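Visitor: My questions will all concern the structure given below.
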Amino acid sequence: MAEAHQAVGFQFTVRPDGVDFKLSQEVIKNIYLSGVTAWKKKAIQFKNGVLAGVYPASPSSWLIVVIAMMSSLYIHTDPSLGMMDAIKENLPYRSVIPQSPTRAVLSAILFATGLWLLLIYLLRYTLKALLSYHGWIFESHGKMSTSTKVWLCLVKMLSGRRPLLYSFQASLPRLPVPSVDDTIHRYLESVRPLLDNEQYNKMELLASDFKENKAAQLQRCLILKSWWATNYVSDWWEEYIYLRGRSPIMVNSNFYIMDLLYVTPTHRQAARAGNVVHAMLQYRRKLERGELAPLRALGTVPMCSTQMERMFNTTRIPGIETDFVQHLTDRKHLVVFHKGRFFQVWLYTGGRHLLPSELETQFQRILNDTSEPQPGELKLAALTAGYRVPWAQARIKYFSQGINKVSLDAIESAAFFLTLDDEPQGYDPAKSNSLDSYAKSLLHGKCYDRWFDKSFTLISYPNGKMGVNVEHSWADAPIVGHMWEYILATDCFHLGYTEEGHCKGDVNKNLPHPTRLQWQIPNECQNVIETSYLSAKQIADDVDFHGYLFAEFGKGLIKKCRTSPDAFIQLALQLAQFRDQRVFCLTYESSMTRMFRDGRTETVRSCTSEAVAFVRAMEDAGTTNAQRLALFRKAAEKHQNMYRLAMTGSGIDRHLFCLYIVSKYLGVDSPFLTKVLLEPWKLSTSQTPQQQLNLVDINKFPKYVGGGGGFGPVADDGYGVSYIIVGENLITFHISSKFSSPDTDSYRFGQHIRKAMLDIQALFKPQNDKTAQNAKYVHLENGKKHI
């Protein structure tokens, strides 16, 4: 045990003549190395903070400006136009610095420093102005105007050579507030295909009344907030969409990300967990130091990195009325769950990270532990899976003091949470429902074997597969996807395994054993835990999930059809939705707004009038393929334009959401905003980005592709669809709905999607017959290959 190990390292004996201390050399060495590591870390963070703080300039440029000003003293020119003389005359402490040359040098240094700071702000605001230009997004793919080429050169010129993760933060523009007229016009346009004439006329009247009587006051308040805050949406979005929700976050909010589809680097559970955890520690070190490269569109346009700050050492803390996100720094342990027991594992020794082989040893010790859970410990994590108010009340009543508080603090202050699962999962081509089972395990598990409040729970399976369950309030999927790509690439291509499947490196058996967390959970609390578990299990059992790999064609063939892969898939989803339900519905597609400071997401309303016209044409036997193709191109272009508007701050829903929040603060009743916010999203969709880091060449290593991730259904009678465009020839779909709804069936909807994709592709047959003949698409289904 850790306490016993420390007791051996530090001993003392009380004697009549005093106290005799004995401190082992190993303890002294560890203390010394820990101190050195801490100071080294602070020094690197300070250096990188300075580099990011003066970006796009550099500290060396200050020296150049100082030398230039100093040289002017000797060539008898005054580039400061008399300002250095004025500084020299007004310098204090004349008695201390009486010599004129010394005062002249000081005045030159002060003027040079002020000029340097002025230049930094000038460069920064010039870059901000350049980044406010978004015309490049609206240009046709493969075509770039002269103005955009000039703009791109200027951005590259001002961006420096080696920006750090947070170098661009101060140069990112603020999210603009759209005009009320534009937002209402786009909103009415988006609901037109979903409403009959009478319903639409009523909505027009509500919108007109809002615009004429209440919108101006609310808009003024919102514009004032946009001037004051770095982002007028993000703080309210986090608070009101996520943290104030009192329903369970399991399934309803949290999402998951899968492991590699076809490759399992090792089938040893402890070894795989050891490599992955070590890779996460490497990533965290780079993240804390700000040494990761910022993500940039076109390799030039920077994205906001704010969300990445809370990736580790973060927990959602339950409250009676609202939760809050607790983010700590420099956490040196993680908590591991295995068969109903919680273990604390230290991640450092001697001032360094534990090596993969050392982590494997620690995790294997946990797997070998045969002790039984303490009373109430087995299903304790179900509190995080159930309703938020009972969890908040139980936390205050039963976990605010004593050993329960100590153990809960260990979980909530951990770098992250690890579950060593006891049931194998993963994609198996021989099993038709393997992705379904894998996804449900990652999304909710047994309802008590993930700590759903942690920023993320890393899940390790007995067959070597991994996965992540992510709490949604602190960040969106691309942020975690960025980390996960780094982890998988580091695990497979840098750390590796021995021939026997163990982690590389020597085994250190002298490490202190993992420590069991202790609990004293009374019967009353156990009843609360059981109630939370039952409510969570009811939600989990109701999740109807279907995942499948669409391998008939992928991005490569779609691009040869000269259309956007995302627009292609979204229109296929509209066709599948209509075939499944025989009606059109309000459709949510998530788009990012990270080109703006503190940006998160915006909604693309994919069910447009153009999409409806295309779907009806596909279902009309009297319409020719040429007519359908023309309608498809028109609908795809409309979708792309809406996506671009959403990315550039001209979306619909975040603006209306913020106007609604302002109306509640001011006590202004708006039937229009209330109706808008209550509209159900029966089809909620999202694309999970792949290859953000390009650490693995998937053309060279086609088997090293991830399965993407997914989320639970948003509406009781609707579908949640996550899709991942993997390389050139594969698209994965993750479809969720509820068994309790008689109108939905995830497997049936998946078949509709597959048929819709093939039907749309058939419209392009005359254009891509040669491509189809020269390409081989392998589709794995029930263990058979279809060429």
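In the structure tokens, chains take letters A, B, ... by order of appearance, with residues numbered from 1 within each chain and ligands from 1 in the order shown.
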Can you tell me, as a PyMOL selection string, what residues are no more than 7 Å from stretch 562-570 of chain A when counting only C-alpha atoms, ignoring any on the same chain fewer than 2 positions away?
Guide: chain A and resi 555+558-560+572-574+606+636+639-640
Visitor: Next, the residues of the selection above should be written as a PDB file, in the first residue's frame with C-alpha atoms.
Guide:
ATOM      1  CA  LYS A 555     -15.655  10.585 -50.176  1.00  0.00           C
ATOM      2  CA  ILE A 558     -18.596  11.671 -54.120  1.00  0.00           C
ATOM      3  CA  LYS A 559     -15.964  14.307 -54.880  1.00  0.00           C
ATOM      4  CA  LYS A 560     -15.622  12.978 -58.422  1.00  0.00           C
ATOM      5  CA  ALA A 572     -29.462  11.056 -48.276  1.00  0.00           C
ATOM      6  CA  LEU A 573     -30.606  11.475 -44.662  1.00  0.00           C
ATOM      7  CA  GLN A 574     -33.544  13.615 -45.805  1.00  0.00           C
ATOM      8  CA  SER A 606     -30.832  20.756 -43.294  1.00  0.00           C
ATOM      9  CA  ALA A 636     -26.637  20.539 -52.289  1.00  0.00           C
ATOM     10  CA  HIS A 639     -27.001  23.182 -47.988  1.00  0.00           C
ATOM     11  CA  GLN A 640     -23.388  24.197 -48.545  1.00  0.00           C
TER      12      GLN A 640
END
Visitor: When you draw a straight line from atom CA of A:Leu152 to atom CA of A:Leu131, how long is it in Å?
Guide: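 Taking atom CA of A:Leu152 as the start and atom CA of A:Leu131 as the end point, the length is 9.6 Å.
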Visitor: Please return as a PDB file with all heavy atoms, in the first residue's frame: the residues of stretch 609-774 of chain A that backbone DSSP assigns to strand (DSSP E or B).
Guide:
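Okay, states_39.pdb is ready:
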ATOM      1  N   LEU A 683     -34.831  14.856 -36.112  1.00  0.00           N
ATOM      2  CA  LEU A 683     -33.651  14.265 -36.746  1.00  0.00           C
ATOM      3  C   LEU A 683     -32.453  15.137 -36.380  1.00  0.00           C
ATOM      4  O   LEU A 683     -32.322  16.265 -36.844  1.00  0.00           O
ATOM      5  CB  LEU A 683     -33.821  14.175 -38.261  1.00  0.00           C
ATOM      6  CG  LEU A 683     -32.639  13.579 -39.042  1.00  0.00           C
ATOM      7  CD1 LEU A 683     -32.315  12.173 -38.549  1.00  0.00           C
ATOM      8  CD2 LEU A 683     -32.930  13.565 -40.542  1.00  0.00           C
ATOM      9  N   SER A 684     -31.597  14.608 -35.511  1.00  0.00           N
ATOM     10  CA  SER A 684     -30.415  15.335 -35.062  1.00  0.00           C
ATOM     11  C   SER A 684     -29.184  14.651 -35.635  1.00  0.00           C
ATOM     12  O   SER A 684     -28.980  13.445 -35.437  1.00  0.00           O
ATOM     13  CB  SER A 684     -30.350  15.353 -33.531  1.00  0.00           C
ATOM     14  OG  SER A 684     -29.242  16.100 -33.082  1.00  0.00           O
ATOM     15  N   THR A 685     -28.359  15.397 -36.355  1.00  0.00           N
ATOM     16  CA  THR A 685     -27.228  14.802 -37.056  1.00  0.00           C
ATOM     17  C   THR A 685     -25.937  15.551 -36.742  1.00  0.00           C
ATOM     18  O   THR A 685     -25.945  16.716 -36.368  1.00  0.00           O
ATOM     19  CB  THR A 685     -27.449  14.827 -38.580  1.00  0.00           C
ATOM     20  OG1 THR A 685     -27.357  16.184 -39.057  1.00  0.00           O
ATOM     21  CG2 THR A 685     -28.806  14.251 -38.945  1.00  0.00           C
ATOM     22  N   SER A 686     -24.836  14.837 -36.904  1.00  0.00           N
ATOM     23  CA  SER A 686     -23.538  15.440 -36.665  1.00  0.00           C
ATOM     24  C   SER A 686     -22.470  14.642 -37.392  1.00  0.00           C
ATOM     25  O   SER A 686     -22.525  13.409 -37.425  1.00  0.00           O
ATOM     26  CB  SER A 686     -23.226  15.481 -35.165  1.00  0.00           C
ATOM     27  OG  SER A 686     -21.936  16.025 -34.927  1.00  0.00           O
ATOM     28  N   GLN A 687     -21.503  15.350 -37.963  1.00  0.00           N
ATOM     29  CA  GLN A 687     -20.359  14.689 -38.590  1.00  0.00           C
ATOM     30  C   GLN A 687     -19.159  14.776 -37.648  1.00  0.00           C
ATOM     31  O   GLN A 687     -18.789  15.869 -37.215  1.00  0.00           O
ATOM     32  CB  GLN A 687     -19.998  15.337 -39.931  1.00  0.00           C
ATOM     33  CG  GLN A 687     -18.796  14.685 -40.594  1.00  0.00           C
ATOM     34  CD  GLN A 687     -18.323  15.396 -41.847  1.00  0.00           C
ATOM     35  OE1 GLN A 687     -17.238  15.141 -42.357  1.00  0.00           O
ATOM     36  NE2 GLN A 687     -19.130  16.309 -42.363  1.00  0.00           N
ATOM     37  N   GLY A 706     -10.349   4.947 -37.361  1.00  0.00           N
ATOM     38  CA  GLY A 706     -11.226   4.905 -36.208  1.00  0.00           C
ATOM     39  C   GLY A 706     -12.671   4.676 -36.602  1.00  0.00           C
ATOM     40  O   GLY A 706     -13.074   4.910 -37.742  1.00  0.00           O
ATOM     41  N   GLY A 709     -17.747   8.151 -33.565  1.00  0.00           N
ATOM     42  CA  GLY A 709     -18.506   8.170 -32.319  1.00  0.00           C
ATOM     43  C   GLY A 709     -19.957   8.512 -32.559  1.00  0.00           C
ATOM     44  O   GLY A 709     -20.388   8.711 -33.698  1.00  0.00           O
ATOM     45  N   GLY A 710     -20.716   8.588 -31.472  1.00  0.00           N
ATOM     46  CA  GLY A 710     -22.133   8.870 -31.608  1.00  0.00           C
ATOM     47  C   GLY A 710     -22.739   9.385 -30.328  1.00  0.00           C
ATOM     48  O   GLY A 710     -22.045   9.634 -29.336  1.00  0.00           O
ATOM     49  N   PHE A 711     -24.062   9.536 -30.333  1.00  0.00           N
ATOM     50  CA  PHE A 711     -24.792  10.118 -29.208  1.00  0.00           C
ATOM     51  C   PHE A 711     -26.186   9.530 -29.153  1.00  0.00           C
ATOM     52  O   PHE A 711     -26.621   8.831 -30.084  1.00  0.00           O
ATOM     53  CB  PHE A 711     -24.850  11.644 -29.344  1.00  0.00           C
ATOM     54  CG  PHE A 711     -25.370  12.121 -30.684  1.00  0.00           C
ATOM     55  CD1 PHE A 711     -26.723  12.343 -30.886  1.00  0.00           C
ATOM     56  CD2 PHE A 711     -24.497  12.332 -31.744  1.00  0.00           C
ATOM     57  CE1 PHE A 711     -27.208  12.766 -32.118  1.00  0.00           C
ATOM     58  CE2 PHE A 711     -24.961  12.759 -32.980  1.00  0.00           C
ATOM     59  CZ  PHE A 711     -26.324  12.980 -33.168  1.00  0.00           C
ATOM     60  N   TYR A 719     -34.620  10.433 -34.394  1.00  0.00           N
ATOM     61  CA  TYR A 719     -33.353   9.732 -34.578  1.00  0.00           C
ATOM     62  C   TYR A 719     -32.182  10.657 -34.283  1.00  0.00           C
ATOM     63  O   TYR A 719     -32.242  11.873 -34.526  1.00  0.00           O
ATOM     64  CB  TYR A 719     -33.223   9.233 -36.021  1.00  0.00           C
ATOM     65  CG  TYR A 719     -34.179   8.136 -36.411  1.00  0.00           C
ATOM     66  CD1 TYR A 719     -35.283   8.403 -37.229  1.00  0.00           C
ATOM     67  CD2 TYR A 719     -33.985   6.831 -35.978  1.00  0.00           C
ATOM     68  CE1 TYR A 719     -36.157   7.404 -37.611  1.00  0.00           C
ATOM     69  CE2 TYR A 719     -34.862   5.815 -36.353  1.00  0.00           C
ATOM     70  CZ  TYR A 719     -35.949   6.109 -37.161  1.00  0.00           C
ATOM     71  OH  TYR A 719     -36.823   5.111 -37.525  1.00  0.00           O
ATOM     72  N   GLY A 720     -31.118  10.057 -33.768  1.00  0.00           N
ATOM     73  CA  GLY A 720     -29.834  10.730 -33.675  1.00  0.00           C
ATOM     74  C   GLY A 720     -28.863  10.021 -34.600  1.00  0.00           C
ATOM     75  O   GLY A 720     -28.709   8.799 -34.517  1.00  0.00           O
ATOM     76  N   VAL A 721     -28.237  10.750 -35.503  1.00  0.00           N
ATOM     77  CA  VAL A 721     -27.355  10.132 -36.497  1.00  0.00           C
ATOM     78  C   VAL A 721     -26.006  10.838 -36.486  1.00  0.00           C
ATOM     79  O   VAL A 721     -25.916  12.045 -36.726  1.00  0.00           O
ATOM     80  CB  VAL A 721     -27.955  10.202 -37.919  1.00  0.00           C
ATOM     81  CG1 VAL A 721     -27.012   9.525 -38.921  1.00  0.00           C
ATOM     82  CG2 VAL A 721     -29.327   9.551 -37.958  1.00  0.00           C
ATOM     83  N   SER A 722     -24.968  10.077 -36.206  1.00  0.00           N
ATOM     84  CA  SER A 722     -23.602  10.574 -36.329  1.00  0.00           C
ATOM     85  C   SER A 722     -22.942   9.817 -37.471  1.00  0.00           C
ATOM     86  O   SER A 722     -23.099   8.595 -37.577  1.00  0.00           O
ATOM     87  CB  SER A 722     -22.820  10.349 -35.030  1.00  0.00           C
ATOM     88  OG  SER A 722     -21.457  10.669 -35.198  1.00  0.00           O
ATOM     89  N   TYR A 723     -22.240  10.537 -38.332  1.00  0.00           N
ATOM     90  CA  TYR A 723     -21.569   9.872 -39.447  1.00  0.00           C
ATOM     91  C   TYR A 723     -20.133  10.368 -39.545  1.00  0.00           C
ATOM     92  O   TYR A 723     -19.815  11.499 -39.200  1.00  0.00           O
ATOM     93  CB  TYR A 723     -22.322  10.088 -40.766  1.00  0.00           C
ATOM     94  CG  TYR A 723     -22.591  11.537 -41.115  1.00  0.00           C
ATOM     95  CD1 TYR A 723     -21.724  12.270 -41.930  1.00  0.00           C
ATOM     96  CD2 TYR A 723     -23.730  12.175 -40.635  1.00  0.00           C
ATOM     97  CE1 TYR A 723     -21.989  13.581 -42.262  1.00  0.00           C
ATOM     98  CE2 TYR A 723     -24.001  13.488 -40.947  1.00  0.00           C
ATOM     99  CZ  TYR A 723     -23.127  14.203 -41.763  1.00  0.00           C
ATOM    100  OH  TYR A 723     -23.380  15.509 -42.078  1.00  0.00           O
ATOM    101  N   ILE A 724     -19.270   9.488 -39.992  1.00  0.00           N
ATOM    102  CA  ILE A 724     -17.848   9.770 -40.060  1.00  0.00           C
ATOM    103  C   ILE A 724     -17.353   9.384 -41.445  1.00  0.00           C
ATOM    104  O   ILE A 724     -17.484   8.226 -41.874  1.00  0.00           O
ATOM    105  CB  ILE A 724     -17.060   8.984 -38.973  1.00  0.00           C
ATOM    106  CG1 ILE A 724     -17.583   9.338 -37.585  1.00  0.00           C
ATOM    107  CG2 ILE A 724     -15.570   9.280 -39.064  1.00  0.00           C
ATOM    108  CD1 ILE A 724     -18.751   8.492 -37.131  1.00  0.00           C
ATOM    109  N   ILE A 725     -16.807  10.350 -42.146  1.00  0.00           N
ATOM    110  CA  ILE A 725     -16.243  10.093 -43.472  1.00  0.00           C
ATOM    111  C   ILE A 725     -14.796   9.670 -43.271  1.00  0.00           C
ATOM    112  O   ILE A 725     -13.929  10.482 -42.942  1.00  0.00           O
ATOM    113  CB  ILE A 725     -16.340  11.350 -44.357  1.00  0.00           C
ATOM    114  CG1 ILE A 725     -17.813  11.778 -44.484  1.00  0.00           C
ATOM    115  CG2 ILE A 725     -15.728  11.096 -45.725  1.00  0.00           C
ATOM    116  CD1 ILE A 725     -18.018  13.119 -45.161  1.00  0.00           C
ATOM    117  N   VAL A 726     -14.537   8.368 -43.439  1.00  0.00           N
ATOM    118  CA  VAL A 726     -13.232   7.786 -43.138  1.00  0.00           C
ATOM    119  C   VAL A 726     -12.467   7.558 -44.433  1.00  0.00           C
ATOM    120  O   VAL A 726     -12.837   6.689 -45.232  1.00  0.00           O
ATOM    121  CB  VAL A 726     -13.383   6.456 -42.376  1.00  0.00           C
ATOM    122  CG1 VAL A 726     -12.018   5.932 -41.945  1.00  0.00           C
ATOM    123  CG2 VAL A 726     -14.288   6.627 -41.169  1.00  0.00           C
ATOM    124  N   LEU A 730     -14.904   4.860 -47.226  1.00  0.00           N
ATOM    125  CA  LEU A 730     -15.689   4.327 -46.104  1.00  0.00           C
ATOM    126  C   LEU A 730     -16.416   5.454 -45.378  1.00  0.00           C
ATOM    127  O   LEU A 730     -15.843   6.530 -45.154  1.00  0.00           O
ATOM    128  CB  LEU A 730     -14.766   3.587 -45.127  1.00  0.00           C
ATOM    129  CG  LEU A 730     -15.420   3.016 -43.862  1.00  0.00           C
ATOM    130  CD1 LEU A 730     -16.405   1.907 -44.224  1.00  0.00           C
ATOM    131  CD2 LEU A 730     -14.361   2.491 -42.897  1.00  0.00           C
ATOM    132  N   ILE A 731     -17.672   5.197 -45.024  1.00  0.00           N
ATOM    133  CA  ILE A 731     -18.463   6.112 -44.200  1.00  0.00           C
ATOM    134  C   ILE A 731     -19.115   5.262 -43.112  1.00  0.00           C
ATOM    135  O   ILE A 731     -19.760   4.249 -43.415  1.00  0.00           O
ATOM    136  CB  ILE A 731     -19.545   6.847 -45.015  1.00  0.00           C
ATOM    137  CG1 ILE A 731     -18.917   7.617 -46.176  1.00  0.00           C
ATOM    138  CG2 ILE A 731     -20.344   7.793 -44.122  1.00  0.00           C
ATOM    139  CD1 ILE A 731     -19.928   8.173 -47.166  1.00  0.00           C
ATOM    140  N   THR A 732     -18.943   5.649 -41.864  1.00  0.00           N
ATOM    141  CA  THR A 732     -19.582   4.908 -40.771  1.00  0.00           C
ATOM    142  C   THR A 732     -20.772   5.699 -40.249  1.00  0.00           C
ATOM    143  O   THR A 732     -20.713   6.926 -40.147  1.00  0.00           O
ATOM    144  CB  THR A 732     -18.598   4.630 -39.619  1.00  0.00           C
ATOM    145  OG1 THR A 732     -18.201   5.863 -39.028  1.00  0.00           O
ATOM    146  CG2 THR A 732     -17.367   3.905 -40.123  1.00  0.00           C
ATOM    147  N   PHE A 733     -21.838   4.990 -39.920  1.00  0.00           N
ATOM    148  CA  PHE A 733     -23.050   5.612 -39.402  1.00  0.00           C
ATOM    149  C   PHE A 733     -23.350   5.055 -38.010  1.00  0.00           C
ATOM    150  O   PHE A 733     -23.278   3.840 -37.786  1.00  0.00           O
ATOM    151  CB  PHE A 733     -24.245   5.336 -40.323  1.00  0.00           C
ATOM    152  CG  PHE A 733     -24.213   6.107 -41.612  1.00  0.00           C
ATOM    153  CD1 PHE A 733     -23.628   5.561 -42.753  1.00  0.00           C
ATOM    154  CD2 PHE A 733     -24.749   7.387 -41.688  1.00  0.00           C
ATOM    155  CE1 PHE A 733     -23.594   6.263 -43.946  1.00  0.00           C
ATOM    156  CE2 PHE A 733     -24.713   8.105 -42.878  1.00  0.00           C
ATOM    157  CZ  PHE A 733     -24.141   7.546 -44.011  1.00  0.00           C
ATOM    158  N   HIS A 734     -23.710   5.943 -37.088  1.00  0.00           N
ATOM    159  CA  HIS A 734     -24.120   5.582 -35.735  1.00  0.00           C
ATOM    160  C   HIS A 734     -25.528   6.138 -35.540  1.00  0.00           C
ATOM    161  O   HIS A 734     -25.712   7.359 -35.477  1.00  0.00           O
ATOM    162  CB  HIS A 734     -23.169   6.185 -34.695  1.00  0.00           C
ATOM    163  CG  HIS A 734     -21.741   5.768 -34.862  1.00  0.00           C
ATOM    164  ND1 HIS A 734     -21.082   4.978 -33.952  1.00  0.00           N
ATOM    165  CD2 HIS A 734     -20.838   6.023 -35.847  1.00  0.00           C
ATOM    166  CE1 HIS A 734     -19.841   4.779 -34.356  1.00  0.00           C
ATOM    167  NE2 HIS A 734     -19.671   5.397 -35.503  1.00  0.00           N
ATOM    168  N   ILE A 735     -26.507   5.269 -35.445  1.00  0.00           N
ATOM    169  CA  ILE A 735     -27.915   5.671 -35.437  1.00  0.00           C
ATOM    170  C   ILE A 735     -28.546   5.276 -34.108  1.00  0.00           C
ATOM    171  O   ILE A 735     -28.429   4.128 -33.671  1.00  0.00           O
ATOM    172  CB  ILE A 735     -28.687   4.998 -36.592  1.00  0.00           C
ATOM    173  CG1 ILE A 735     -27.983   5.277 -37.919  1.00  0.00           C
ATOM    174  CG2 ILE A 735     -30.134   5.473 -36.631  1.00  0.00           C
ATOM    175  CD1 ILE A 735     -28.416   4.351 -39.037  1.00  0.00           C
ATOM    176  N   SER A 736     -29.229   6.218 -33.482  1.00  0.00           N
ATOM    177  CA  SER A 736     -29.887   5.941 -32.204  1.00  0.00           C
ATOM    178  C   SER A 736     -31.333   6.406 -32.240  1.00  0.00           C
ATOM    179  O   SER A 736     -31.679   7.373 -32.921  1.00  0.00           O
ATOM    180  CB  SER A 736     -29.148   6.637 -31.046  1.00  0.00           C
ATOM    181  OG  SER A 736     -29.194   8.051 -31.199  1.00  0.00           O
ATOM    182  N   SER A 737     -32.160   5.682 -31.512  1.00  0.00           N
ATOM    183  CA  SER A 737     -33.570   6.054 -31.323  1.00  0.00           C
ATOM    184  C   SER A 737     -34.030   5.381 -30.038  1.00  0.00           C
ATOM    185  O   SER A 737     -33.205   4.908 -29.254  1.00  0.00           O
ATOM    186  CB  SER A 737     -34.419   5.619 -32.531  1.00  0.00           C
ATOM    187  OG  SER A 737     -34.375   4.215 -32.684  1.00  0.00           O
ATOM    188  N   LYS A 738     -35.343   5.345 -29.811  1.00  0.00           N
ATOM    189  CA  LYS A 738     -35.862   4.750 -28.582  1.00  0.00           C
ATOM    190  C   LYS A 738     -36.801   3.601 -28.906  1.00  0.00           C
ATOM    191  O   LYS A 738     -37.683   3.715 -29.755  1.00  0.00           O
ATOM    192  CB  LYS A 738     -36.588   5.807 -27.742  1.00  0.00           C
ATOM    193  CG  LYS A 738     -35.656   6.877 -27.187  1.00  0.00           C
ATOM    194  CD  LYS A 738     -36.361   7.797 -26.206  1.00  0.00           C
ATOM    195  CE  LYS A 738     -35.379   8.810 -25.603  1.00  0.00           C
ATOM    196  NZ  LYS A 738     -36.003   9.667 -24.586  1.00  0.00           N
TER     197      LYS A 738
END
Visitor: Using only C-alpha atoms for the distances, tell me which of A:Ser437, A:Thr264, A:Thr624, A:Gln282 is nearest to A:Lys703.
Guide: A:Thr264
Visitor: For A:Ala762, which of A:Glu589, A:Lys682, A:Asp541, A:Phe553 is the closest residue, counting only C-alpha atoms?
Guide: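 Nearest candidate to A:Ala762 out of A:Glu589, A:Lys682, A:Asp541, A:Phe553: A:Phe553.
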Visitor: Output as a VMD selection string all residues of stretch 462-693 of chain A that backbone DSSP marks as alpha helix (DSSP H).
Guide: chain A and resid 477 to 490 523 to 541 555 to 560 565 to 581 609 to 619 625 to 647 653 to 666 671 to 677
Visitor: For A:Gln217, which of A:Met757, A:Cys503, A:Val180, A:Ile249 is the closest residue, counting only C-alpha atoms?
Guide: A:Val180
Visitor: For each of A:Tyr704, A:Phe343, A:Tyr262, A:Phe168, take the minimum atom-to-atom distance to A:Arg365, counting only C-alpha atoms, then give the residue where this is smallest.
Guide: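 The shortest atom-to-atom distance to A:Arg365 comes from A:Phe343.
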Visitor: Could you please determine the separation between atom CA of A:Val66 and atom CA of A:Ala108 in Å, to one decimal place?
Guide: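 About the pair atom CA of A:Val66 and atom CA of A:Ala108: they are 7.1 Å apart.
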Visitor: Please provide the set of residues having any atom within 12 Å of A:Gln219, restricted to only C-alpha atoms, with same-chain residues fewer than 3 positions apart removed, written as a list of chain:residue names.
Guide: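 Here the qualifying residues turn out to be A:Val177, A:Pro178, A:Ser179, A:Val180, A:Asp181, A:Thr183, A:Phe210, A:Lys211, A:Asn213, A:Lys214, A:Ala215, A:Ala216, A:Leu222, A:Ile223, A:Leu224, A:Lys225, A:Ser226, A:Tyr232, A:His655, A:Leu656, A:Phe657, A:Cys658, A:Leu659, A:Tyr660, A:Ile661, A:Val662, A:Ser663.
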Visitor: Quick one: distance from atom CA of A:Val301 to atom CA of A:Val480 in Å, one decimal?
Guide: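 Computed distance, atom CA of A:Val301 to atom CA of A:Val480, equals 20.4 Å.
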Visitor: Do you know which residues are at most 9 Å from A:Leu631 counting only C-alpha atoms, after dropping those on the same chain fewer than 4 positions away, and could you put them as a list of chain:residue names?
Guide: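 In the requested form, the answer reads A:Glu610, A:Ala611, A:Ala613, A:Phe614, A:Val615, A:Ala617, A:Ala626, A:Gln627, A:Ala635, A:Ala636.
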